[in-house]
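Next up, model14.cif (mmCIF, N, CA and C atoms):
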data_coords
#
loop_
_atom_site.group_PDB
_atom_site.id
_atom_site.type_symbol
_atom_site.label_atom_id
_atom_site.label_comp_id
_atom_site.auth_asym_id
_atom_site.auth_seq_id
_atom_site.Cartn_x
_atom_site.Cartn_y
_atom_site.Cartn_z
ATOM 1 N N MET A 1 5.243 -8.952 -3.815
ATOM 2 C CA MET A 1 4.224 -8.402 -4.701
ATOM 3 C C MET A 1 3.056 -9.358 -4.867
ATOM 4 N N ASN A 2 3.277 -10.630 -4.631
ATOM 5 C CA ASN A 2 2.222 -11.604 -4.888
ATOM 6 C C ASN A 2 1.062 -11.500 -3.909
ATOM 7 N N LYS A 3 1.194 -10.702 -2.862
ATOM 8 C CA LYS A 3 0.094 -10.536 -1.913
ATOM 9 C C LYS A 3 -0.861 -9.422 -2.317
ATOM 10 N N TRP A 4 -0.494 -8.671 -3.325
ATOM 11 C CA TRP A 4 -1.360 -7.610 -3.829
ATOM 12 C C TRP A 4 -2.362 -8.207 -4.811
ATOM 13 N N LYS A 5 -3.614 -7.779 -4.704
ATOM 14 C CA LYS A 5 -4.661 -8.224 -5.627
ATOM 15 C C LYS A 5 -4.944 -7.092 -6.602
ATOM 16 N N GLU A 6 -4.814 -7.401 -7.881
ATOM 17 C CA GLU A 6 -5.108 -6.392 -8.896
ATOM 18 C C GLU A 6 -6.570 -6.485 -9.300
ATOM 19 N N LYS A 7 -7.199 -5.330 -9.392
ATOM 20 C CA LYS A 7 -8.592 -5.254 -9.804
ATOM 21 C C LYS A 7 -8.664 -4.452 -11.098
ATOM 22 N N ALA A 8 -9.619 -4.819 -11.932
ATOM 23 C CA ALA A 8 -9.758 -4.162 -13.233
ATOM 24 C C ALA A 8 -10.668 -2.936 -13.186
ATOM 25 N N ARG A 9 -11.693 -2.971 -12.335
ATOM 26 C CA ARG A 9 -12.660 -1.872 -12.298
ATOM 27 C C ARG A 9 -12.976 -1.490 -10.882
ATOM 28 N N PRO A 10 -12.614 -0.347 -10.429
ATOM 29 C CA PRO A 10 -11.626 0.512 -11.070
ATOM 30 C C PRO A 10 -10.241 -0.107 -10.922
ATOM 31 N N ILE A 11 -9.347 0.229 -11.814
ATOM 32 C CA ILE A 11 -8.021 -0.365 -11.778
ATOM 33 C C ILE A 11 -7.340 0.030 -10.470
ATOM 34 N N SER A 12 -6.908 -0.991 -9.753
ATOM 35 C CA SER A 12 -6.273 -0.759 -8.462
ATOM 36 C C SER A 12 -5.544 -2.024 -8.024
ATOM 37 N N MET A 13 -4.682 -1.845 -7.049
ATOM 38 C CA MET A 13 -4.033 -2.969 -6.368
ATOM 39 C C MET A 13 -4.411 -2.825 -4.897
ATOM 40 N N GLU A 14 -4.791 -3.948 -4.280
ATOM 41 C CA GLU A 14 -5.199 -3.915 -2.886
ATOM 42 C C GLU A 14 -4.422 -4.937 -2.081
ATOM 43 N N ARG A 15 -4.160 -4.592 -0.837
ATOM 44 C CA ARG A 15 -3.476 -5.527 0.052
ATOM 45 C C ARG A 15 -3.898 -5.258 1.486
ATOM 46 N N ARG A 16 -4.032 -6.328 2.246
ATOM 47 C CA ARG A 16 -4.339 -6.241 3.675
ATOM 48 C C ARG A 16 -3.119 -6.712 4.449
ATOM 49 N N PHE A 17 -2.699 -5.921 5.422
ATOM 50 C CA PHE A 17 -1.622 -6.271 6.333
ATOM 51 C C PHE A 17 -2.253 -6.550 7.696
ATOM 52 N N GLU A 18 -1.872 -7.654 8.315
ATOM 53 C CA GLU A 18 -2.417 -8.000 9.627
ATOM 54 C C GLU A 18 -1.297 -8.069 10.650
ATOM 55 N N PHE A 19 -1.596 -7.618 11.862
ATOM 56 C CA PHE A 19 -0.619 -7.538 12.930
ATOM 57 C C PHE A 19 -1.199 -8.144 14.202
ATOM 58 N N SER A 20 -0.328 -8.555 15.084
ATOM 59 C CA SER A 20 -0.787 -9.212 16.313
ATOM 60 C C SER A 20 -1.155 -8.220 17.412
ATOM 61 N N THR A 21 -0.651 -6.985 17.318
ATOM 62 C CA THR A 21 -0.956 -5.988 18.349
ATOM 63 C C THR A 21 -1.189 -4.621 17.723
ATOM 64 N N TYR A 22 -1.830 -3.772 18.488
ATOM 65 C CA TYR A 22 -2.044 -2.395 18.054
ATOM 66 C C TYR A 22 -0.716 -1.675 17.863
ATOM 67 N N GLU A 23 0.238 -1.935 18.734
ATOM 68 C CA GLU A 23 1.541 -1.279 18.648
ATOM 69 C C GLU A 23 2.234 -1.587 17.320
ATOM 70 N N LEU A 24 2.141 -2.837 16.853
ATOM 71 C CA LEU A 24 2.738 -3.211 15.569
ATOM 72 C C LEU A 24 2.010 -2.534 14.406
ATOM 73 N N THR A 25 0.700 -2.417 14.540
ATOM 74 C CA THR A 25 -0.086 -1.721 13.515
ATOM 75 C C THR A 25 0.340 -0.259 13.442
ATOM 76 N N ARG A 26 0.445 0.361 14.594
ATOM 77 C CA ARG A 26 0.839 1.779 14.669
ATOM 78 C C ARG A 26 2.243 1.988 14.105
ATOM 79 N N ASP A 27 3.166 1.086 14.431
ATOM 80 C CA ASP A 27 4.532 1.182 13.916
ATOM 81 C C ASP A 27 4.542 1.101 12.390
ATOM 82 N N PHE A 28 3.776 0.172 11.833
ATOM 83 C CA PHE A 28 3.678 0.042 10.373
ATOM 84 C C PHE A 28 3.126 1.326 9.767
ATOM 85 N N LEU A 29 2.069 1.871 10.360
ATOM 86 C CA LEU A 29 1.479 3.101 9.831
ATOM 87 C C LEU A 29 2.459 4.271 9.887
ATOM 88 N N ASP A 30 3.259 4.337 10.943
ATOM 89 C CA ASP A 30 4.260 5.396 11.035
ATOM 90 C C ASP A 30 5.300 5.257 9.926
ATOM 91 N N ARG A 31 5.783 4.031 9.689
ATOM 92 C CA ARG A 31 6.771 3.803 8.627
ATOM 93 C C ARG A 31 6.154 4.058 7.255
ATOM 94 N N LEU A 32 4.893 3.659 7.079
ATOM 95 C CA LEU A 32 4.189 3.912 5.819
ATOM 96 C C LEU A 32 4.063 5.414 5.577
ATOM 97 N N GLY A 33 3.727 6.162 6.616
ATOM 98 C CA GLY A 33 3.613 7.613 6.485
ATOM 99 C C GLY A 33 4.914 8.252 6.033
ATOM 100 N N THR A 34 6.018 7.795 6.601
ATOM 101 C CA THR A 34 7.329 8.311 6.213
ATOM 102 C C THR A 34 7.616 7.997 4.745
ATOM 103 N N LEU A 35 7.373 6.745 4.332
ATOM 104 C CA LEU A 35 7.591 6.353 2.941
ATOM 105 C C LEU A 35 6.732 7.191 1.996
ATOM 106 N N CYS A 36 5.477 7.366 2.336
ATOM 107 C CA CYS A 36 4.568 8.130 1.471
ATOM 108 C C CYS A 36 5.033 9.582 1.331
ATOM 109 N N GLU A 37 5.477 10.172 2.415
ATOM 110 C CA GLU A 37 5.963 11.548 2.347
ATOM 111 C C GLU A 37 7.238 11.636 1.514
ATOM 112 N N GLU A 38 8.139 10.661 1.661
ATOM 113 C CA GLU A 38 9.372 10.654 0.875
ATOM 114 C C GLU A 38 9.080 10.550 -0.617
ATOM 115 N N ARG A 39 8.098 9.746 -0.972
ATOM 116 C CA ARG A 39 7.780 9.512 -2.389
ATOM 117 C C ARG A 39 6.689 10.429 -2.922
ATOM 118 N N ASN A 40 6.078 11.196 -2.013
ATOM 119 C CA ASN A 40 4.956 12.060 -2.381
ATOM 120 C C ASN A 40 3.868 11.265 -3.099
ATOM 121 N N ARG A 41 3.554 10.147 -2.502
ATOM 122 C CA ARG A 41 2.535 9.241 -3.055
ATOM 123 C C ARG A 41 1.719 8.691 -1.903
ATOM 124 N N PHE A 42 0.409 8.738 -2.016
ATOM 125 C CA PHE A 42 -0.438 8.420 -0.885
ATOM 126 C C PHE A 42 -1.557 7.461 -1.286
ATOM 127 N N PRO A 43 -1.457 6.207 -0.841
ATOM 128 C CA PRO A 43 -2.514 5.237 -1.140
ATOM 129 C C PRO A 43 -3.747 5.517 -0.282
ATOM 130 N N ASP A 44 -4.864 4.938 -0.679
ATOM 131 C CA ASP A 44 -6.048 4.963 0.176
ATOM 132 C C ASP A 44 -5.799 3.976 1.312
ATOM 133 N N ILE A 45 -6.102 4.385 2.534
ATOM 134 C CA ILE A 45 -5.804 3.579 3.717
ATOM 135 C C ILE A 45 -7.049 3.456 4.585
ATOM 136 N N SER A 46 -7.299 2.246 5.039
ATOM 137 C CA SER A 46 -8.258 2.031 6.120
ATOM 138 C C SER A 46 -7.584 1.092 7.106
ATOM 139 N N PHE A 47 -7.883 1.260 8.380
ATOM 140 C CA PHE A 47 -7.212 0.420 9.365
ATOM 141 C C PHE A 47 -8.052 0.263 10.615
ATOM 142 N N GLY A 48 -7.702 -0.757 11.364
ATOM 143 C CA GLY A 48 -8.314 -1.032 12.647
ATOM 144 C C GLY A 48 -7.207 -1.373 13.631
ATOM 145 N N LYS A 49 -7.573 -1.940 14.727
ATOM 146 C CA LYS A 49 -6.612 -2.221 15.792
ATOM 147 C C LYS A 49 -5.446 -3.090 15.333
ATOM 148 N N THR A 50 -5.720 -4.096 14.509
ATOM 149 C CA THR A 50 -4.651 -5.033 14.122
ATOM 150 C C THR A 50 -4.589 -5.288 12.613
ATOM 151 N N TYR A 51 -5.037 -4.324 11.811
ATOM 152 C CA TYR A 51 -4.941 -4.508 10.364
ATOM 153 C C TYR A 51 -4.842 -3.164 9.660
ATOM 154 N N VAL A 52 -4.309 -3.215 8.440
ATOM 155 C CA VAL A 52 -4.249 -2.040 7.559
ATOM 156 C C VAL A 52 -4.612 -2.520 6.165
ATOM 157 N N ASN A 53 -5.584 -1.879 5.537
ATOM 158 C CA ASN A 53 -5.950 -2.145 4.148
ATOM 159 C C ASN A 53 -5.446 -0.988 3.295
ATOM 160 N N LEU A 54 -4.761 -1.322 2.205
ATOM 161 C CA LEU A 54 -4.241 -0.303 1.295
ATOM 162 C C LEU A 54 -4.786 -0.512 -0.109
ATOM 163 N N THR A 55 -5.059 0.578 -0.785
ATOM 164 C CA THR A 55 -5.461 0.550 -2.186
ATOM 165 C C THR A 55 -4.578 1.518 -2.950
ATOM 166 N N LEU A 56 -3.903 0.989 -3.967
ATOM 167 C CA LEU A 56 -3.069 1.813 -4.852
ATOM 168 C C LEU A 56 -3.761 1.951 -6.196
ATOM 169 N N LYS A 57 -3.714 3.150 -6.735
ATOM 170 C CA LYS A 57 -4.208 3.401 -8.086
ATOM 171 C C LYS A 57 -3.022 3.842 -8.925
ATOM 172 N N PRO A 58 -3.087 3.670 -10.241
ATOM 173 C CA PRO A 58 -1.957 4.110 -11.074
ATOM 174 C C PRO A 58 -1.649 5.582 -10.814
ATOM 175 N N GLU A 59 -0.355 5.864 -10.665
ATOM 176 C CA GLU A 59 0.053 7.233 -10.350
ATOM 177 C C GLU A 59 -0.077 8.151 -11.553
ATOM 178 N N GLU A 60 0.307 7.668 -12.689
ATOM 179 C CA GLU A 60 0.306 8.488 -13.887
ATOM 180 C C GLU A 60 -0.822 8.066 -14.813
ATOM 181 N N ASP A 61 -1.193 8.954 -15.712
ATOM 182 C CA ASP A 61 -2.256 8.635 -16.669
ATOM 183 C C ASP A 61 -1.666 7.824 -17.820
ATOM 184 N N ASN A 62 -1.619 6.510 -17.624
ATOM 185 C CA ASN A 62 -1.069 5.598 -18.635
ATOM 186 C C ASN A 62 -2.158 4.660 -19.132
ATOM 187 N N ASN A 63 -3.224 5.236 -19.615
ATOM 188 C CA ASN A 63 -4.373 4.430 -20.035
ATOM 189 C C ASN A 63 -4.823 3.501 -18.915
ATOM 190 N N ASN A 64 -4.739 4.013 -17.689
ATOM 191 C CA ASN A 64 -5.153 3.255 -16.504
ATOM 192 C C ASN A 64 -4.434 1.925 -16.377
ATOM 193 N N LYS A 65 -3.141 1.932 -16.610
ATOM 194 C CA LYS A 65 -2.331 0.732 -16.429
ATOM 195 C C LYS A 65 -1.247 1.022 -15.405
ATOM 196 N N PHE A 66 -0.869 -0.012 -14.658
ATOM 197 C CA PHE A 66 0.212 0.141 -13.697
ATOM 198 C C PHE A 66 1.555 0.124 -14.412
ATOM 199 N N THR A 67 2.459 0.958 -13.936
ATOM 200 C CA THR A 67 3.802 1.031 -14.490
ATOM 201 C C THR A 67 4.784 0.379 -13.511
ATOM 202 N N ASN A 68 6.036 0.273 -13.931
ATOM 203 C CA ASN A 68 7.069 -0.247 -13.037
ATOM 204 C C ASN A 68 7.189 0.629 -11.796
ATOM 205 N N LYS A 69 7.005 1.920 -11.950
ATOM 206 C CA LYS A 69 7.072 2.847 -10.819
ATOM 207 C C LYS A 69 5.990 2.518 -9.791
ATOM 208 N N ASP A 70 4.799 2.186 -10.266
ATOM 209 C CA ASP A 70 3.706 1.794 -9.368
ATOM 210 C C ASP A 70 4.061 0.508 -8.625
ATOM 211 N N ARG A 71 4.572 -0.458 -9.351
ATOM 212 C CA ARG A 71 4.923 -1.745 -8.748
ATOM 213 C C ARG A 71 6.091 -1.605 -7.762
ATOM 214 N N GLU A 72 7.033 -0.733 -8.066
ATOM 215 C CA GLU A 72 8.144 -0.489 -7.148
ATOM 216 C C GLU A 72 7.649 0.124 -5.838
ATOM 217 N N PHE A 73 6.635 0.967 -5.918
ATOM 218 C CA PHE A 73 6.052 1.542 -4.706
ATOM 219 C C PHE A 73 5.398 0.441 -3.867
ATOM 220 N N ALA A 74 4.681 -0.457 -4.504
ATOM 221 C CA ALA A 74 4.063 -1.578 -3.784
ATOM 222 C C ALA A 74 5.132 -2.450 -3.120
ATOM 223 N N ILE A 75 6.228 -2.697 -3.809
ATOM 224 C CA ILE A 75 7.322 -3.494 -3.250
ATOM 225 C C ILE A 75 7.941 -2.777 -2.047
ATOM 226 N N ALA A 76 8.081 -1.463 -2.144
ATOM 227 C CA ALA A 76 8.619 -0.680 -1.023
ATOM 228 C C ALA A 76 7.690 -0.767 0.190
ATOM 229 N N ILE A 77 6.394 -0.774 -0.056
ATOM 230 C CA ILE A 77 5.428 -0.930 1.041
ATOM 231 C C ILE A 77 5.567 -2.327 1.647
ATOM 232 N N ASP A 78 5.690 -3.343 0.794
ATOM 233 C CA ASP A 78 5.886 -4.712 1.290
ATOM 234 C C ASP A 78 7.074 -4.792 2.239
ATOM 235 N N ALA A 79 8.153 -4.093 1.912
ATOM 236 C CA ALA A 79 9.369 -4.145 2.728
ATOM 237 C C ALA A 79 9.155 -3.575 4.126
ATOM 238 N N LEU A 80 8.140 -2.736 4.303
ATOM 239 C CA LEU A 80 7.853 -2.176 5.606
ATOM 240 C C LEU A 80 7.314 -3.208 6.589
ATOM 241 N N GLU A 81 6.812 -4.302 6.049
ATOM 242 C CA GLU A 81 6.207 -5.335 6.882
ATOM 243 C C GLU A 81 7.259 -6.074 7.713
ATOM 244 N N ASN A 82 8.484 -6.103 7.249
ATOM 245 C CA ASN A 82 9.553 -6.857 7.931
ATOM 246 C C ASN A 82 10.121 -6.113 9.112
#

Since I need it in another form, could you write the structure as C-alpha coordinates?
Amino acid sequence: MNKWKEKARPISMERRFEFSTYELTRDFLDRLGTLCEERNRFPDISFGKTYVNLTLKPEEDNNNKFTNKDREFAIAIDALEN
(Lines of atoms letter the chains of each structure in order from A and count residues from 1; the text may use other names and numbers.)
(Lines give C-alpha, C1' and ligand atoms only; values in the text may rest on other atoms or scores of the structure.)
Protein backbone atom coordinates (compact mmCIF):
# COMPACT_ATOMS: atom_id res chain seq x y z
CA MET A 1 0.00 0.00 0.00
CA ASN A 2 2.91 2.35 0.58
CA LYS A 3 3.40 2.79 -3.17
CA TRP A 4 0.03 4.46 -3.56
CA LYS A 5 -0.02 8.26 -3.40
CA GLU A 6 -3.08 9.80 -1.80
CA LYS A 7 -4.28 13.11 -3.16
CA ALA A 8 -6.70 15.47 -1.46
CA ARG A 9 -8.15 17.29 -4.47
CA PRO A 10 -9.81 15.47 -5.97
CA ILE A 11 -9.56 12.71 -3.40
CA SER A 12 -7.85 9.78 -5.04
CA MET A 13 -5.08 7.22 -4.74
CA GLU A 14 -2.62 6.89 -7.60
CA ARG A 15 0.01 4.34 -8.45
CA ARG A 16 2.31 3.64 -11.38
CA PHE A 17 3.35 0.08 -12.22
CA GLU A 18 6.40 -0.38 -14.44
CA PHE A 19 7.34 -3.48 -16.41
CA SER A 20 10.34 -4.54 -18.43
CA THR A 21 8.37 -5.76 -21.46
CA TYR A 22 5.10 -5.22 -23.24
CA GLU A 23 4.14 -8.83 -22.54
CA LEU A 24 4.43 -8.26 -18.77
CA THR A 25 2.36 -5.09 -19.07
CA ARG A 26 -0.32 -6.95 -21.02
CA ASP A 27 -0.34 -9.81 -18.50
CA PHE A 28 -0.84 -7.34 -15.63
CA LEU A 29 -3.68 -5.62 -17.49
CA ASP A 30 -5.37 -8.97 -18.13
CA ARG A 31 -5.17 -9.91 -14.43
CA LEU A 32 -6.35 -6.41 -13.45
CA GLY A 33 -9.33 -6.76 -15.79
CA THR A 34 -10.31 -10.05 -14.17
CA LEU A 35 -10.02 -8.56 -10.66
CA CYS A 36 -12.07 -5.51 -11.64
CA GLU A 37 -14.83 -7.65 -13.12
CA GLU A 38 -14.89 -9.90 -10.04
CA ARG A 39 -15.22 -6.90 -7.72
CA ASN A 40 -17.32 -4.79 -10.09
CA ARG A 41 -14.95 -1.91 -9.48
CA PHE A 42 -13.07 -0.09 -12.19
CA PRO A 43 -10.20 2.35 -11.60
CA ASP A 44 -9.15 4.96 -14.12
CA ILE A 45 -6.36 3.42 -16.21
CA SER A 46 -3.76 4.80 -18.56
CA PHE A 47 -0.95 2.71 -19.96
CA GLY A 48 1.87 2.48 -22.42
CA LYS A 49 4.22 -0.21 -23.62
CA THR A 50 5.88 -0.80 -20.23
CA TYR A 51 3.76 1.01 -17.63
CA VAL A 52 0.27 1.23 -16.15
CA ASN A 53 -1.04 4.24 -14.21
CA LEU A 54 -4.06 3.68 -11.97
CA THR A 55 -6.29 6.14 -10.15
CA LEU A 56 -8.75 4.98 -7.50
CA LYS A 57 -11.53 7.15 -6.15
CA PRO A 58 -13.63 6.34 -3.07
CA GLU A 59 -16.23 3.76 -4.04
CA GLU A 60 -18.93 4.88 -1.68
CA ASP A 61 -20.13 8.34 -0.72
CA ASN A 62 -18.36 8.60 2.64
CA ASN A 63 -17.73 12.32 2.72
CA ASN A 64 -15.07 11.66 0.09
CA LYS A 65 -12.96 9.51 2.38
CA PHE A 66 -11.38 6.16 1.64
CA THR A 67 -12.75 3.18 3.52
CA ASN A 68 -11.16 -0.16 4.41
CA LYS A 69 -12.95 -1.60 1.37
CA ASP A 70 -11.15 0.92 -0.86
CA ARG A 71 -7.79 0.12 0.70
CA GLU A 72 -8.40 -3.63 0.38
CA PHE A 73 -9.01 -3.14 -3.34
CA ALA A 74 -5.69 -1.30 -3.66
CA ILE A 75 -3.94 -4.13 -1.79
CA ALA A 76 -5.55 -6.68 -4.13
CA ILE A 77 -4.21 -4.70 -7.10
CA ASP A 78 -0.75 -4.64 -5.49
CA ALA A 79 -0.84 -8.44 -5.27
CA LEU A 80 -1.23 -8.64 -9.05
CA GLU A 81 2.26 -7.25 -9.48
CA ASN A 82 3.88 -10.45 -8.13

task = Identify, on the basis of only N, CA and C atoms, every residue whose closest approach to Thr67 of chain A does not exceed 7 Å; exclude the query and any residue fewer than 5 positions from it along the same chain; express the result as an NGL selection string.
result = :A and (58-59 or 72)

Let me know the centre plus edge lengths, in Å and rounded to one decimal, of a box with edges along x, y and z that contains all listed atoms of segment 1-18 of chain A and is padded by 4 Å on every side, as JSON.
{"center_x": -3.9, "center_y": -5.5, "center_z": -1.3, "size_x": 26.2, "size_y": 20.1, "size_z": 31.9}

The PyMOL selection byres ((chain A and resi 23-31) around 7) resolved against shown file, as a count of residues only: 15

One decimal place gives the atom N of Arg71 of chain A-atom CA of Gly48 of chain A separation as 25.5 Å

Please return, as a ChimeraX atom specification, all residues of segment 45-77 of chain A that DSSP assigns to alpha helix (DSSP H) on the basis of the backbone.
/A:68-77

Neighbour list for Lys5 of chain A as a list in words, cut-off 7 Å, all atoms listed in the file, skip fewer than 3 positions in-chain: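 Answer for this query is Met1, Asn2, Ser12, Met13, Glu14 and Arg15 of chain A.
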
Can you write out the residues you just picked, keeping N, CA and C atoms, as a PDB file, keeping the file's coordinate frame?
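Written output follows (again31.pdb):
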ATOM      1  N   MET A   1       5.243  -8.952  -3.815  1.00  0.00           N
ATOM      2  CA  MET A   1       4.224  -8.402  -4.701  1.00  0.00           C
ATOM      3  C   MET A   1       3.056  -9.358  -4.867  1.00  0.00           C
ATOM      4  N   ASN A   2       3.277 -10.630  -4.631  1.00  0.00           N
ATOM      5  CA  ASN A   2       2.222 -11.604  -4.888  1.00  0.00           C
ATOM      6  C   ASN A   2       1.062 -11.500  -3.909  1.00  0.00           C
ATOM      7  N   SER A  12      -6.908  -0.991  -9.753  1.00  0.00           N
ATOM      8  CA  SER A  12      -6.273  -0.759  -8.462  1.00  0.00           C
ATOM      9  C   SER A  12      -5.544  -2.024  -8.024  1.00  0.00           C
ATOM     10  N   MET A  13      -4.682  -1.845  -7.049  1.00  0.00           N
ATOM     11  CA  MET A  13      -4.033  -2.969  -6.368  1.00  0.00           C
ATOM     12  C   MET A  13      -4.411  -2.825  -4.897  1.00  0.00           C
ATOM     13  N   GLU A  14      -4.791  -3.948  -4.280  1.00  0.00           N
ATOM     14  CA  GLU A  14      -5.199  -3.915  -2.886  1.00  0.00           C
ATOM     15  C   GLU A  14      -4.422  -4.937  -2.081  1.00  0.00           C
ATOM     16  N   ARG A  15      -4.160  -4.592  -0.837  1.00  0.00           N
ATOM     17  CA  ARG A  15      -3.476  -5.527   0.052  1.00  0.00           C
ATOM     18  C   ARG A  15      -3.898  -5.258   1.486  1.00  0.00           C
TER      19      ARG A  15
END

Between atom CA of Phe17 of chain A and atom CA of Phe66 of chain A - distance in Å to one decimal:
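About the pair atom CA of Phe66 of chain A and atom CA of Phe17 of chain A: they are 21.1 Å apart.
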
Atom pair atom CA of Leu56 of chain A + atom C of Pro43 of chain A, distance 5.9 Å

Incomplete segment 63-74 of chain A brought to all heavy atoms, written out as a short mmCIF file (atom, residue, chain, number, x, y, z; two decimals), keeping the file's coordinate frame:
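Result file follows (part-v1.cif):
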data_model
loop_
_atom_site.label_atom_id
_atom_site.label_comp_id
_atom_site.auth_asym_id
_atom_site.auth_seq_id
_atom_site.Cartn_x
_atom_site.Cartn_y
_atom_site.Cartn_z
N ASN A 63 -3.22 5.24 -19.61
CA ASN A 63 -4.37 4.43 -20.04
C ASN A 63 -4.82 3.50 -18.92
O ASN A 63 -5.20 2.37 -19.13
CB ASN A 63 -4.04 3.63 -21.30
CG ASN A 63 -3.76 4.52 -22.48
OD1 ASN A 63 -4.42 5.54 -22.65
ND2 ASN A 63 -2.77 4.17 -23.27
N ASN A 64 -4.74 4.01 -17.69
CA ASN A 64 -5.15 3.26 -16.50
C ASN A 64 -4.43 1.92 -16.38
O ASN A 64 -5.04 0.91 -16.06
CB ASN A 64 -6.66 3.06 -16.49
CG ASN A 64 -7.39 4.34 -16.15
OD1 ASN A 64 -6.88 5.15 -15.38
ND2 ASN A 64 -8.55 4.52 -16.71
N LYS A 65 -3.14 1.93 -16.61
CA LYS A 65 -2.33 0.73 -16.43
C LYS A 65 -1.25 1.02 -15.40
O LYS A 65 -0.76 2.14 -15.30
CB LYS A 65 -1.69 0.30 -17.75
CG LYS A 65 -2.69 -0.16 -18.78
CD LYS A 65 -2.00 -0.61 -20.03
CE LYS A 65 -3.04 -1.03 -21.06
NZ LYS A 65 -2.42 -1.45 -22.30
N PHE A 66 -0.87 -0.01 -14.66
CA PHE A 66 0.21 0.14 -13.70
C PHE A 66 1.56 0.12 -14.41
O PHE A 66 1.76 -0.64 -15.35
CB PHE A 66 0.17 -0.97 -12.65
CG PHE A 66 -0.92 -0.76 -11.64
CD1 PHE A 66 -2.06 -1.55 -11.65
CD2 PHE A 66 -0.81 0.23 -10.68
CE1 PHE A 66 -3.07 -1.35 -10.73
CE2 PHE A 66 -1.81 0.44 -9.75
CZ PHE A 66 -2.94 -0.35 -9.77
N THR A 67 2.46 0.96 -13.94
CA THR A 67 3.80 1.03 -14.49
C THR A 67 4.78 0.38 -13.51
O THR A 67 4.41 0.01 -12.39
CB THR A 67 4.22 2.50 -14.69
OG1 THR A 67 4.29 3.13 -13.40
CG2 THR A 67 3.25 3.24 -15.59
N ASN A 68 6.04 0.27 -13.93
CA ASN A 68 7.07 -0.25 -13.04
C ASN A 68 7.19 0.63 -11.80
O ASN A 68 7.43 0.13 -10.70
CB ASN A 68 8.41 -0.34 -13.75
CG ASN A 68 8.45 -1.49 -14.72
OD1 ASN A 68 7.69 -2.45 -14.62
ND2 ASN A 68 9.35 -1.40 -15.69
N LYS A 69 7.00 1.92 -11.95
CA LYS A 69 7.07 2.85 -10.82
C LYS A 69 5.99 2.52 -9.79
O LYS A 69 6.23 2.55 -8.59
CB LYS A 69 6.93 4.28 -11.33
CG LYS A 69 7.18 5.34 -10.29
CD LYS A 69 7.14 6.71 -10.94
CE LYS A 69 7.36 7.80 -9.91
NZ LYS A 69 7.29 9.14 -10.49
N ASP A 70 4.80 2.19 -10.27
CA ASP A 70 3.71 1.79 -9.37
C ASP A 70 4.06 0.51 -8.62
O ASP A 70 3.86 0.40 -7.42
CB ASP A 70 2.41 1.57 -10.16
CG ASP A 70 1.89 2.83 -10.82
OD1 ASP A 70 1.85 3.88 -10.16
OD2 ASP A 70 1.53 2.75 -12.01
N ARG A 71 4.57 -0.46 -9.35
CA ARG A 71 4.92 -1.74 -8.75
C ARG A 71 6.09 -1.60 -7.76
O ARG A 71 6.11 -2.26 -6.73
CB ARG A 71 5.24 -2.76 -9.82
CG ARG A 71 4.01 -3.09 -10.67
CD ARG A 71 4.26 -4.15 -11.70
NE ARG A 71 3.20 -4.20 -12.68
CZ ARG A 71 1.96 -4.60 -12.48
NH1 ARG A 71 1.59 -4.99 -11.30
NH2 ARG A 71 1.08 -4.60 -13.46
N GLU A 72 7.03 -0.73 -8.07
CA GLU A 72 8.14 -0.49 -7.15
C GLU A 72 7.65 0.12 -5.84
O GLU A 72 8.16 -0.19 -4.77
CB GLU A 72 9.19 0.43 -7.79
CG GLU A 72 9.99 -0.28 -8.88
CD GLU A 72 10.85 0.67 -9.69
OE1 GLU A 72 10.90 1.89 -9.38
OE2 GLU A 72 11.48 0.19 -10.65
N PHE A 73 6.64 0.97 -5.92
CA PHE A 73 6.05 1.54 -4.71
C PHE A 73 5.40 0.44 -3.87
O PHE A 73 5.56 0.41 -2.65
CB PHE A 73 5.06 2.64 -5.07
CG PHE A 73 4.48 3.36 -3.89
CD1 PHE A 73 5.30 3.99 -2.96
CD2 PHE A 73 3.12 3.43 -3.70
CE1 PHE A 73 4.78 4.66 -1.87
CE2 PHE A 73 2.57 4.11 -2.62
CZ PHE A 73 3.40 4.73 -1.70
N ALA A 74 4.68 -0.46 -4.50
CA ALA A 74 4.06 -1.58 -3.78
C ALA A 74 5.13 -2.45 -3.12
O ALA A 74 4.97 -2.88 -1.97
CB ALA A 74 3.20 -2.41 -4.73
#
